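Colleague: start_23.txt is the file, holding compact mmCIF, C-alpha atoms (C1' of nucleotides):
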# COMPACT_ATOMS: atom_id res chain seq x y z
CA MET V 1 22.08 -75.63 78.41
CA LEU V 2 23.39 -73.14 80.90
CA THR V 3 25.47 -75.95 82.38
CA ALA V 4 26.99 -76.74 79.01
CA GLN V 5 27.70 -73.05 78.58
CA VAL V 6 29.67 -72.94 81.81
CA ALA V 7 31.60 -76.07 80.89
CA HIS V 8 32.48 -74.44 77.59
CA VAL V 9 33.70 -71.39 79.43
CA TYR V 10 36.00 -73.46 81.59
CA SER V 11 37.39 -75.16 78.53
CA LEU V 12 37.99 -71.90 76.68
CA VAL V 13 40.09 -70.28 79.34
CA GLY V 14 42.04 -73.45 79.88
CA ILE V 15 41.18 -73.69 83.55
CA HIS V 16 40.82 -77.45 83.59
CA HIS V 17 44.26 -78.23 82.23
CA GLY V 18 45.78 -79.44 85.43
CA MET V 19 44.95 -76.30 87.37
CA THR V 20 42.98 -76.04 90.57
CA GLN V 21 39.30 -75.60 89.87
CA ALA V 22 38.63 -72.40 91.79
CA PRO V 23 35.49 -70.53 90.73
CA LEU V 24 36.03 -68.00 87.98
CA THR V 25 36.84 -64.48 89.01
CA THR V 26 34.82 -61.70 87.42
CA ARG V 27 37.74 -60.91 85.18
CA GLU V 28 37.97 -64.52 84.03
CA LEU V 29 34.22 -64.59 83.40
CA ILE V 30 34.53 -61.53 81.19
CA ILE V 31 37.46 -62.99 79.27
CA ALA V 32 35.57 -66.23 78.75
CA ALA V 33 32.64 -64.29 77.31
CA ALA V 34 35.02 -62.30 75.13
CA VAL V 35 36.68 -65.46 73.80
CA ASP V 36 33.33 -66.96 72.93
CA LEU V 37 31.86 -63.90 71.23
CA PHE V 38 34.96 -62.39 69.61
CA TYR V 39 35.93 -65.71 68.06
CA GLY V 40 32.40 -66.48 67.00
CA GLU V 41 31.43 -63.16 65.44
CA GLY V 42 34.64 -61.18 64.98
CA VAL V 43 35.97 -58.44 67.22
CA ARG V 44 34.29 -55.65 65.30
CA GLY V 45 30.99 -57.46 65.17
CA VAL V 46 30.67 -57.78 68.95
CA SER V 47 29.74 -54.86 71.20
CA MET V 48 30.79 -54.27 74.76
CA ASP V 49 27.08 -54.55 75.63
CA ALA V 50 27.04 -58.08 74.20
CA ILE V 51 30.15 -59.07 76.15
CA ALA V 52 28.72 -57.70 79.38
CA ALA V 53 25.42 -59.51 78.84
CA ARG V 54 27.15 -62.82 78.08
CA ALA V 55 29.37 -62.47 81.13
CA GLY V 56 26.40 -61.58 83.31
CA VAL V 57 27.83 -58.27 84.48
CA THR V 58 27.04 -54.66 83.68
CA LYS V 59 29.07 -52.55 81.34
CA ARG V 60 30.29 -50.48 84.25
CA THR V 61 31.88 -53.59 85.76
CA LEU V 62 33.36 -54.51 82.42
CA TYR V 63 35.03 -51.11 82.15
CA TYR V 64 36.23 -51.44 85.72
CA HIS V 65 38.27 -54.51 84.71
CA PHE V 66 39.30 -53.43 81.22
CA VAL V 67 40.15 -49.87 80.33
CA SER V 68 38.86 -50.17 76.75
CA LYS V 69 37.57 -52.57 74.14
CA ASP V 70 41.03 -52.64 72.55
CA GLU V 71 42.52 -54.00 75.76
CA LEU V 72 39.77 -56.60 76.03
CA VAL V 73 40.45 -57.79 72.49
CA ALA V 74 44.12 -58.13 73.37
CA ALA V 75 43.20 -60.06 76.51
CA TYR V 76 41.07 -62.39 74.37
CA LEU V 77 44.04 -63.35 72.19
CA ALA V 78 46.45 -63.55 75.13
CA ALA V 79 44.03 -65.96 76.81
CA ARG V 80 44.02 -68.19 73.73
CA ASP V 81 47.81 -68.30 73.29
CA GLN V 82 48.79 -71.19 75.58
CA PRO V 83 45.61 -73.28 75.17
CA THR V 84 46.01 -73.10 71.39
CA LEU V 85 49.64 -74.17 71.57
CA ALA V 86 48.68 -76.98 73.95
CA THR V 87 46.02 -78.22 71.54
CA PHE V 88 48.45 -78.45 68.64
CA MET V 89 51.06 -80.13 70.84
CA ARG V 90 48.48 -82.69 71.86
CA TRP V 91 47.46 -83.29 68.26
CA LEU V 92 51.08 -83.93 67.38
CA ASP V 93 51.65 -86.22 70.35
CA GLU V 94 48.57 -88.28 69.65
CA THR V 95 49.73 -89.18 66.14
CA GLU V 96 51.85 -92.32 65.75
CA GLY V 97 55.00 -92.45 63.66
CA GLY V 98 57.99 -90.24 62.92
CA LEU V 99 58.00 -86.48 62.71
CA SER V 100 56.64 -86.31 59.17
CA GLU V 101 53.71 -88.56 60.12
CA LYS V 102 53.10 -86.49 63.24
CA ILE V 103 53.09 -83.25 61.28
CA GLU V 104 50.71 -84.69 58.73
CA GLY V 105 48.53 -85.98 61.55
CA MET V 106 48.38 -82.46 62.99
CA PHE V 107 46.98 -81.19 59.69
CA GLN V 108 44.44 -84.00 59.67
CA ARG V 109 43.30 -82.95 63.11
CA VAL V 110 42.88 -79.41 61.80
CA ALA V 111 40.75 -80.79 58.97
CA ARG V 112 38.59 -82.65 61.46
CA ALA V 113 38.22 -79.62 63.75
CA ALA V 114 37.27 -77.44 60.78
CA GLY V 115 34.26 -79.68 60.19
CA HIS V 116 32.65 -78.57 63.43
CA PRO V 117 29.99 -75.89 62.89
CA LYS V 118 31.53 -73.57 65.49
CA TRP V 119 34.93 -73.59 63.78
CA LYS V 120 35.61 -70.26 62.12
CA GLY V 121 39.26 -70.26 61.16
CA CYS V 122 42.22 -69.04 63.16
CA GLY V 123 41.16 -66.41 65.68
CA PHE V 124 44.59 -64.81 65.65
CA LEU V 125 44.60 -64.40 61.87
CA ARG V 126 41.01 -63.22 61.78
CA THR V 127 41.65 -60.60 64.44
CA ALA V 128 44.78 -59.42 62.65
CA ALA V 129 42.75 -59.15 59.44
CA GLU V 130 40.20 -56.96 61.19
CA LEU V 131 42.71 -54.69 62.91
CA VAL V 132 45.53 -54.47 60.36
CA ASN V 133 44.62 -50.84 59.68
CA THR V 134 45.43 -49.86 63.27
CA PRO V 135 49.17 -50.47 63.71
CA GLY V 136 50.28 -50.69 67.31
CA HIS V 137 46.95 -52.12 68.44
CA PRO V 138 47.63 -54.25 71.54
CA ALA V 139 45.73 -57.20 70.04
CA LEU V 140 48.02 -57.17 67.00
CA LYS V 141 51.00 -57.53 69.32
CA ALA V 142 49.34 -60.40 71.19
CA GLY V 143 48.57 -62.16 67.91
CA ALA V 144 52.07 -61.71 66.54
CA LEU V 145 53.54 -63.03 69.78
CA HIS V 146 51.44 -66.17 69.55
CA LYS V 147 52.48 -66.83 65.96
CA LYS V 148 56.12 -66.37 66.90
CA ARG V 149 55.78 -68.86 69.74
CA PHE V 150 54.10 -71.31 67.41
CA GLU V 151 56.91 -70.97 64.89
CA GLU V 152 59.53 -71.41 67.61
CA TRP V 153 57.81 -74.57 68.79
CA LEU V 154 57.86 -75.97 65.25
CA THR V 155 61.53 -75.03 64.91
CA SER V 156 62.44 -76.84 68.10
CA LEU V 157 60.52 -79.92 66.98
CA ILE V 158 62.35 -80.10 63.68
CA ALA V 159 65.74 -79.36 65.18
CA ALA V 160 65.21 -82.06 67.80
CA ASP V 161 64.68 -84.52 64.96
CA GLY V 162 68.21 -83.81 63.73
CA LEU V 163 67.18 -82.03 60.52
CA ASP V 164 69.14 -79.13 59.11
CA ASP V 165 67.52 -75.82 58.18
CA ALA V 166 65.00 -76.18 61.00
CA PRO V 167 64.02 -72.47 61.02
CA LEU V 168 63.23 -72.48 57.28
CA ARG V 169 61.26 -75.72 57.40
CA ALA V 170 59.32 -74.54 60.45
CA ARG V 171 58.48 -71.31 58.69
CA GLN V 172 57.21 -73.17 55.62
CA ILE V 173 55.05 -75.45 57.74
CA LEU V 174 53.64 -72.48 59.63
CA VAL V 175 52.71 -70.87 56.32
CA LEU V 176 51.06 -74.09 55.18
CA LEU V 177 49.10 -74.35 58.40
CA ASP V 178 47.89 -70.75 58.39
CA GLY V 179 47.17 -70.97 54.69
CA ALA V 180 45.13 -74.13 55.15
CA MET V 181 43.03 -72.56 57.89
CA SER V 182 42.48 -69.46 55.74
CA VAL V 183 41.43 -71.33 52.61
CA ILE V 184 39.21 -73.73 54.57
CA MET V 185 37.52 -70.69 56.08
CA VAL V 186 36.74 -69.52 52.53
CA HIS V 187 35.58 -72.79 50.99
CA ARG V 188 34.51 -74.77 54.05
CA ASP V 189 36.40 -77.68 52.54
CA PRO V 190 38.78 -79.59 54.89
CA ALA V 191 40.49 -81.17 51.87
CA TYR V 192 42.83 -78.18 51.80
CA ALA V 193 44.28 -79.29 55.14
CA GLU V 194 44.97 -82.75 53.70
CA ALA V 195 46.82 -81.27 50.72
CA ALA V 196 48.76 -78.90 52.95
CA GLY V 197 49.59 -81.74 55.33
CA GLN V 198 51.15 -83.75 52.54
CA ALA V 199 53.27 -80.78 51.52
CA ALA V 200 54.30 -80.23 55.14
CA ALA V 201 55.26 -83.89 55.53
CA ALA V 202 57.40 -83.66 52.41
CA ILE V 203 59.19 -80.63 53.81
CA VAL V 204 60.14 -82.60 56.91
CA LYS V 205 61.34 -85.56 54.83
CA SER V 206 63.51 -83.83 52.23
CA LYS V 207 67.32 -83.67 52.27
CA ALA V 208 67.65 -85.18 55.79
CA MET O 1 47.05 -35.18 45.42
CA LEU O 2 43.54 -35.25 44.08
CA THR O 3 45.02 -36.18 40.71
CA ALA O 4 46.94 -39.05 42.22
CA GLN O 5 43.75 -40.09 43.92
CA VAL O 6 41.91 -40.29 40.62
CA ALA O 7 44.74 -42.20 38.98
CA HIS O 8 44.61 -44.64 41.82
CA VAL O 9 40.90 -45.06 41.30
CA TYR O 10 41.37 -45.89 37.65
CA SER O 11 43.99 -48.45 38.53
CA LEU O 12 41.84 -50.09 41.16
CA VAL O 13 38.86 -50.77 38.94
CA GLY O 14 41.11 -52.00 36.19
CA ILE O 15 39.83 -49.49 33.66
CA HIS O 16 43.20 -48.92 32.06
CA HIS O 17 43.90 -52.51 31.18
CA GLY O 18 43.29 -52.22 27.50
CA MET O 19 39.81 -50.83 27.86
CA THR O 20 38.45 -47.61 26.44
CA GLN O 21 38.98 -44.75 28.85
CA ALA O 22 35.42 -43.51 29.13
CA PRO O 23 34.70 -41.36 32.19
CA LEU O 24 33.62 -43.32 35.23
CA THR O 25 29.93 -43.85 35.74
CA THR O 26 28.51 -43.06 39.14
CA ARG O 27 28.36 -46.75 39.90
CA GLU O 28 32.02 -47.19 39.00
CA LEU O 29 32.94 -44.19 41.12
CA ILE O 30 31.18 -45.75 44.09
CA ILE O 31 32.88 -49.11 43.56
CA ALA O 32 36.25 -47.42 43.27
CA ALA O 33 35.64 -45.68 46.60
CA ALA O 34 34.50 -48.96 48.12
CA VAL O 35 37.61 -50.78 46.89
CA ASP O 36 39.83 -48.12 48.38
CA LEU O 37 38.14 -47.89 51.77
CA PHE O 38 37.05 -51.49 52.30
CA TYR O 39 40.52 -52.80 51.49
CA GLY O 40 42.23 -50.12 53.52
CA GLU O 41 40.15 -50.29 56.70
CA GLY O 42 38.11 -53.49 56.54
CA VAL O 43 34.49 -53.84 55.51
CA ARG O 44 33.16 -53.50 59.05
CA GLY O 45 35.32 -50.51 59.77
CA VAL O 46 33.96 -48.42 56.90
CA SER O 47 30.53 -46.79 56.99
CA MET O 48 28.26 -46.08 54.06
CA ASP O 49 28.70 -42.40 54.94
CA ALA O 50 32.43 -42.75 54.39
CA ILE O 51 31.95 -44.48 51.04
CA ALA O 52 29.52 -41.80 49.87
CA ALA O 53 31.86 -39.02 50.94
CA ARG O 54 34.86 -40.61 49.19
CA ALA O 55 32.83 -41.18 46.03
CA GLY O 56 31.55 -37.61 46.12
CA VAL O 57 27.89 -38.60 46.13
CA THR O 58 25.19 -38.59 48.77
CA LYS O 59 24.06 -41.63 50.63
CA ARG O 60 20.76 -41.53 48.79
CA THR O 61 22.58 -41.94 45.50
CA LEU O 62 24.64 -44.75 46.96
CA TYR O 63 21.50 -46.63 47.98
CA TYR O 64 20.02 -45.98 44.57
CA HIS O 65 22.87 -47.97 42.97
CA PHE O 66 23.30 -50.63 45.68
CA VAL O 67 20.44 -52.09 47.62
CA SER O 68 22.50 -52.61 50.79
CA LYS O 69 25.97 -52.50 52.24
CA ASP O 70 26.23 -56.27 51.90
CA GLU O 71 25.75 -55.96 48.14
CA LEU O 72 28.33 -53.20 47.95
CA VAL O 73 30.86 -55.35 49.77
CA ALA O 74 30.19 -58.16 47.31
CA ALA O 75 30.63 -55.70 44.43
CA TYR O 76 33.96 -54.63 45.93
CA LEU O 77 35.31 -58.18 45.80
CA ALA O 78 33.81 -58.90 42.38
CA ALA O 79 35.54 -55.77 41.07
CA ARG O 80 38.87 -57.04 42.37
CA ASP O 81 38.58 -60.55 40.93
CA GLN O 82 39.92 -60.09 37.40
CA PRO O 83 42.45 -57.33 38.17
CA THR O 84 43.94 -59.46 40.93
CA LEU O 85 44.22 -62.48 38.66
CA ALA O 86 45.77 -60.29 35.96
CA THR O 87 48.36 -58.98 38.39
CA PHE O 88 49.50 -62.46 39.40
CA MET O 89 49.55 -63.57 35.76
CA ARG O 90 51.76 -60.61 34.95
CA TRP O 91 54.07 -61.36 37.88
CA LEU O 92 54.45 -64.91 36.61
CA ASP O 93 55.03 -63.82 33.02
CA GLU O 94 57.64 -61.26 33.98
CA THR O 95 59.83 -63.86 35.69
CA GLU O 96 62.44 -65.63 33.55
CA GLY O 97 62.98 -69.38 33.66
CA GLY O 98 60.94 -72.55 33.92
CA LEU O 99 57.71 -72.97 35.83
CA SER O 100 59.37 -73.44 39.21
CA GLU O 101 61.38 -70.24 38.75
CA LYS O 102 58.25 -68.40 37.63
CA ILE O 103 56.27 -69.61 40.65
CA GLU O 104 59.07 -68.58 42.98
CA GLY O 105 59.28 -65.23 41.21
CA MET O 106 55.57 -64.71 41.84
CA PHE O 107 56.15 -65.14 45.57
CA GLN O 108 59.03 -62.69 45.42
CA ARG O 109 56.73 -60.15 43.82
CA VAL O 110 54.29 -60.69 46.67
CA ALA O 111 57.11 -60.05 49.12
CA ARG O 112 57.95 -56.82 47.33
CA ALA O 113 54.31 -55.67 47.19
CA ALA O 114 53.89 -56.41 50.89
CA GLY O 115 56.59 -53.86 51.64
CA HIS O 116 54.41 -51.00 50.43
CA PRO O 117 52.72 -49.16 53.31
CA LYS O 118 49.25 -49.49 51.74
CA TRP O 119 49.53 -53.27 51.48
CA LYS O 120 47.25 -54.92 54.01
CA GLY O 121 47.11 -58.59 53.09
CA CYS O 122 44.67 -60.35 50.80
CA GLY O 123 41.38 -58.46 50.60
CA PHE O 124 39.45 -61.62 49.83
CA LEU O 125 40.78 -63.44 52.89
CA ARG O 126 40.35 -60.43 55.12
CA THR O 127 36.75 -59.97 54.04
CA ALA O 128 36.05 -63.66 54.55
CA ALA O 129 37.58 -63.39 58.03
CA GLU O 130 35.26 -60.52 58.88
CA LEU O 131 32.09 -62.12 57.51
CA VAL O 132 32.62 -65.81 58.28
CA ASN O 133 29.87 -65.64 60.91
CA THR O 134 27.26 -64.73 58.29
CA PRO O 135 27.00 -67.77 55.98
CA GLY O 136 25.41 -67.03 52.63
CA HIS O 137 26.69 -63.45 52.60
CA PRO O 138 27.07 -62.40 48.94
CA ALA O 139 30.61 -61.21 49.55
CA LEU O 140 31.60 -64.64 50.85
CA LYS O 141 30.40 -66.14 47.59
CA ALA O 142 32.34 -63.57 45.56
CA GLY O 143 35.48 -64.27 47.55
CA ALA O 144 35.16 -68.04 47.24
CA LEU O 145 34.62 -67.69 43.50
CA HIS O 146 37.82 -65.69 43.15
CA LYS O 147 39.86 -68.24 45.09
CA LYS O 148 38.44 -71.05 42.96
CA ARG O 149 39.41 -69.19 39.79
CA PHE O 150 42.88 -68.61 41.14
CA GLU O 151 43.28 -72.29 41.97
CA GLU O 152 42.02 -73.27 38.50
CA TRP O 153 44.53 -70.94 36.91
CA LEU O 154 47.37 -72.53 38.91
CA THR O 155 46.12 -75.99 37.96
CA SER O 156 46.12 -75.14 34.26
CA LEU O 157 49.63 -73.71 34.54
CA ILE O 158 50.99 -76.86 36.14
CA ALA O 159 49.13 -79.20 33.81
CA ALA O 160 50.41 -77.26 30.79
CA ASP O 161 53.91 -77.94 32.04
CA GLY O 162 53.30 -81.68 31.72
CA LEU O 163 53.35 -82.42 35.45
CA ASP O 164 51.12 -85.06 37.00
CA ASP O 165 48.87 -84.34 40.00
CA ALA O 166 48.34 -80.78 38.82
CA PRO O 167 45.22 -80.21 41.00
CA LEU O 168 47.03 -81.28 44.17
CA ARG O 169 50.12 -79.22 43.43
CA ALA O 170 48.02 -76.19 42.55
CA ARG O 171 46.10 -76.55 45.80
CA GLN O 172 49.32 -76.73 47.82
CA ILE O 173 50.71 -73.66 46.12
CA LEU O 174 47.48 -71.75 46.71
CA VAL O 175 47.69 -72.63 50.40
CA LEU O 176 51.31 -71.45 50.50
CA LEU O 177 50.38 -68.18 48.82
CA ASP O 178 47.42 -67.42 51.06
CA GLY O 179 49.40 -68.52 54.09
CA ALA O 180 52.28 -66.25 53.16
CA MET O 181 49.99 -63.24 52.78
CA SER O 182 48.35 -64.02 56.11
CA VAL O 183 51.56 -64.42 58.08
CA ILE O 184 53.13 -61.35 56.47
CA MET O 185 50.04 -59.42 57.53
CA VAL O 186 50.73 -60.50 61.11
CA HIS O 187 54.49 -59.92 61.26
CA ARG O 188 55.02 -57.38 58.50
CA ASP O 189 57.96 -59.51 57.41
CA PRO O 190 58.21 -60.33 53.67
CA ALA O 191 60.68 -63.12 54.45
CA TYR O 192 57.72 -65.47 54.85
CA ALA O 193 56.98 -65.08 51.14
CA GLU O 194 60.55 -66.08 50.28
CA ALA O 195 60.31 -69.21 52.42
CA ALA O 196 56.90 -70.07 50.98
CA GLY O 197 58.19 -69.44 47.45
CA GLN O 198 60.98 -71.96 47.92
CA ALA O 199 58.49 -74.54 49.13
CA ALA O 200 56.22 -73.79 46.18
CA ALA O 201 59.10 -74.15 43.72
CA ALA O 202 59.98 -77.52 45.23
CA ILE O 203 56.39 -78.68 44.78
CA VAL O 204 56.58 -77.90 41.07
CA LYS O 205 59.92 -79.69 40.72
CA SER O 206 59.22 -82.96 42.52
CA LYS O 207 58.47 -86.30 40.83
CA ALA O 208 58.23 -84.90 37.27
C1' DG S 1 19.37 -40.15 39.36
C1' DT S 2 20.66 -37.06 42.62
C1' DC S 3 19.59 -34.12 46.34
C1' DT S 4 18.47 -32.59 51.76
C1' DA S 5 16.98 -34.29 55.89
C1' DT S 6 16.15 -37.62 59.31
C1' DA S 7 14.28 -41.82 61.41
C1' DG S 8 15.44 -45.53 64.51
C1' DC S 9 18.88 -47.95 66.50
C1' DT S 10 23.53 -49.31 68.37
C1' DT S 11 28.02 -47.96 69.65
C1' DG S 12 32.13 -47.14 73.17
C1' DA S 13 32.54 -45.01 77.20
C1' DT S 14 31.10 -42.38 81.62
C1' DA S 15 28.46 -40.20 86.01
C1' DG S 16 27.46 -40.99 90.44
C1' DA S 17 25.16 -44.04 94.11
C1' DC S 18 26.21 -47.76 97.29
C1' DG R 1 33.55 -53.69 92.72
C1' DT R 2 29.16 -53.66 91.06
C1' DC R 3 25.03 -51.28 90.13
C1' DT R 4 21.30 -47.98 87.26
C1' DA R 5 21.08 -44.57 84.00
C1' DT R 6 22.67 -42.04 80.21
C1' DC R 7 25.50 -39.43 76.93
C1' DA R 8 27.21 -38.02 72.41
C1' DA R 9 28.41 -40.01 68.26
C1' DG R 10 27.99 -43.20 64.74
C1' DC R 11 25.39 -46.64 62.15
C1' DT R 12 22.19 -48.58 58.07
C1' DA R 13 18.57 -47.34 55.64
C1' DT R 14 14.55 -44.39 54.09
C1' DA R 15 11.16 -40.20 53.01
C1' DG R 16 10.05 -37.05 49.80
C1' DA R 17 11.43 -33.06 46.64
C1' DC R 18 13.22 -32.06 42.07
Would you mind writing the file out in structure tokens?

Modeller:
Amino acid sequence: MLTAQVAHVYSLVGIHHGMTQAPLTTRELIIAAAVDLFYGEGVRGVSMDAIAARAGVTKRTLYYHFVSKDELVAAYLAARDQPTLATFMRWLDETEGGLSEKIEGMFQRVARAAGHPKWKGCGFLRTAAELVNTPGHPALKAGALHKKRFEEWLTSLIAADGLDDAPLRARQILVLLDGAMSVIMVHRDPAYAEAAGQAAAAIVKSKA
Amino acid sequence: MLTAQVAHVYSLVGIHHGMTQAPLTTRELIIAAAVDLFYGEGVRGVSMDAIAARAGVTKRTLYYHFVSKDELVAAYLAARDQPTLATFMRWLDETEGGLSEKIEGMFQRVARAAGHPKWKGCGFLRTAAELVNTPGHPALKAGALHKKRFEEWLTSLIAADGLDDAPLRARQILVLLDGAMSVIMVHRDPAYAEAAGQAAAAIVKSKA
DNA sequence: GTCTATAGCTTGATAGAC
DNA sequence: GTCTATCAAGCTATAGAC
């Protein structure tokens, strides 16, 4: 069980994606614990004590590496940025067909992922929801940056397919994706991703 | 300023929507304070002390009317259910044109509302995001019930217009609406509601 | 039904040794 | 860089008087 835990940690920080497998630094260990706990229970529901215990360090060490909890929350989202993008890129790649089929396949993969008991919605949206009353919070900036990158990736996909109005279509698909994850979080019903996927596919097909 | 505060309170609990204007009971005062603070700062970011102080009662009185904070959070969302539905119904009614124009107008009203400094996304989604790690929480049930009612309302609208596949179209529009509110919360950019509104209008126009 | 007062615990962050 | 120990403040919830 401790072995599985460690494997999970490696997966969460994206270490095994073609990188050298050096042992985790203390900082990486802390971020891995933060990713696990903040995503699982919400950033306001997790104490610095809990993070330190999960990481196997003392709070003093934790505060040596991160000046405050706010900075650690921001580091949590920054650590999830590229791995999250890579996951969606992989989901798109692994679907056969043209762009509309690939987009719809991406939504189906979201539906499947949402069935796992550990799935708890989009960590970026959930963190933004918790911290929206503190403008300027570093984690809000990290979350907004990720969503912008995601939207840019969608735009480039659509433009590469030769479609006009790529920025608008990408924006609509992003809204459908974030909406699907939000509503599934509420109802625990993956069918919303299927419905959203059909709408997204139609957006990529229309007008030409 | 205290007067404006009280007016706001009346608006939030929906007392002035054609009801008699009896003075607020203590319970209603507490719920009004909860609505204000929980929506503004998040349910985990607001203490029972803060609610009591805002309501002008002691904590002992607060716990006389609500057995726990969890129940008060659920009461907050239950209090927002009908007023929220009424607001969206009004936004739809106030837009001229056919159903697709009305739906798009509803999204434009969301965009406008999101420009107000006090707007902080969808309170139901934000509360779900905070409490998703506590399955069975009474507030999660209240939030899910509201979203179901909203979806049913959209379904009835679309069916009344003579369109086929009303449940699917309603579901897609709900996802677009919740997605728009989520992404606007992240970027503070109402343009996402415009893009989502166009997609929603297209969904109501297609196929016949 | 509302009050004053407080129990019992957890929080984010820090002091100072090594 | 990591440790033990701890602070001052905040938290949910309750005791008991009126």

Colleague: I want to know what sits within 12 Å of DC9 (chain S), based on all atoms listed in the file, with residues of the same chain fewer than 6 positions away left out; could you give that as a PDB file with C-alpha atoms (C1' of nucleotides), keeping the file's coordinate frame?

Modeller:
ATOM      1  C1'  DG R  10      27.990 -43.200  64.740  1.00  0.00           C
ATOM      2  C1'  DC R  11      25.390 -46.640  62.150  1.00  0.00           C
ATOM      3  C1'  DT R  12      22.190 -48.580  58.070  1.00  0.00           C
ATOM      4  C1'  DA R  13      18.570 -47.340  55.640  1.00  0.00           C
TER       5       DA R  13
END

Colleague: Would you give me, as a PDB file with C-alpha atoms (C1' of nucleotides), in the frame of the given file, the residues of chain S that come within 10 Å of chain V, using only C-alpha atoms (C1' of nucleotides)?

Modeller:
ATOM      1  C1'  DT S  10      23.530 -49.310  68.370  1.00  0.00           C
ATOM      2  C1'  DT S  11      28.020 -47.960  69.650  1.00  0.00           C
ATOM      3  C1'  DG S  12      32.130 -47.140  73.170  1.00  0.00           C
ATOM      4  C1'  DA S  13      32.540 -45.010  77.200  1.00  0.00           C
ATOM      5  C1'  DT S  14      31.100 -42.380  81.620  1.00  0.00           C
TER       6       DT S  14
END

Colleague: Here is a test: counting only C-alpha atoms, which residue of V:Val132, V:Ala22, V:Val110, V:Ala160 is nearest to chain O?

Modeller: V:Val132

Colleague: What does the distance from CA of Phe150 (chain O) to CA of Ala128 (chain V) come to in Å, to one decimal?

Modeller: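 Those two atoms sit 23.5 Å apart.
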
Colleague: Can you tell me how far CA of Ala195 (chain V) sits from CA of Asp93 (chain V), in Å to one decimal?

Modeller: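 So the answer is 20.8 Å.
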
Colleague: Find the residues around Leu62 (chain O) up to 8 Å (all atoms listed in the file counted), leave out those fewer than 5 positions away in its own chain, and share them as a compact mmCIF listing (two decimals) with C-alpha atoms, keeping the file's coordinate frame.

Modeller:
# COMPACT_ATOMS: atom_id res chain seq x y z
CA ILE O 30 31.18 -45.75 44.09
CA ALA O 52 29.52 -41.80 49.87
CA VAL O 57 27.89 -38.60 46.13

Colleague: Counting all atoms listed in the file, which residues of chain O come no farther than 8 Å from chain V, as JSON, numbers by chain?

Modeller: {"O": [40, 41, 42, 44, 45, 120, 121, 125, 126, 128, 129, 130, 131, 132, 133, 140, 143, 144, 168, 171, 172, 175, 176, 177, 178, 179, 180, 182, 183, 185, 186, 187, 192, 195, 196, 199, 203]}

Colleague: One decimal, in Å: what's the spacing between CA of Pro83 (chain V) and CA of Pro135 (chain O)?

Modeller: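 Answer for the CA of Pro83 (chain V) to CA of Pro135 (chain O) separation: 27.3 Å.
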
Colleague: Taking (18.6, -31.7, 43.8) in the file's coordinates as the center, which residues reach within 6 Å of it, counting only C-alpha atoms (C1' of nucleotides), put as an MDAnalysis selection string?

Modeller: (chainID S and resid 2:3) or (chainID R and resid 18)

Colleague: Go through chain R and flag each residue having an atom no more than 12 Å from chain V; for those, report the closest pair of atoms plus their distance in Å to one decimal, using all atoms listed in the file, ordered by chain and rising number, as CSV.

Modeller:
residue,atom,partner,partner_atom,distance
R:DG1,C1',V:Thr61,CA,7.2
R:DT2,C1',V:Thr61,CA,6.0
R:DC3,C1',V:Thr58,CA,7.6
R:DT4,C1',V:Thr58,CA,9.5
R:DA5,C1',V:Arg60,CA,10.9

Colleague: For Glu94 (chain O), which residue among O:Leu72, O:Gln82, O:Arg109, O:Glu151 is the nearest when counting all atoms listed in the file?

Modeller: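 When distances to Glu94 (chain O) are compared using all atoms listed in the file, the smallest one comes from O:Arg109.
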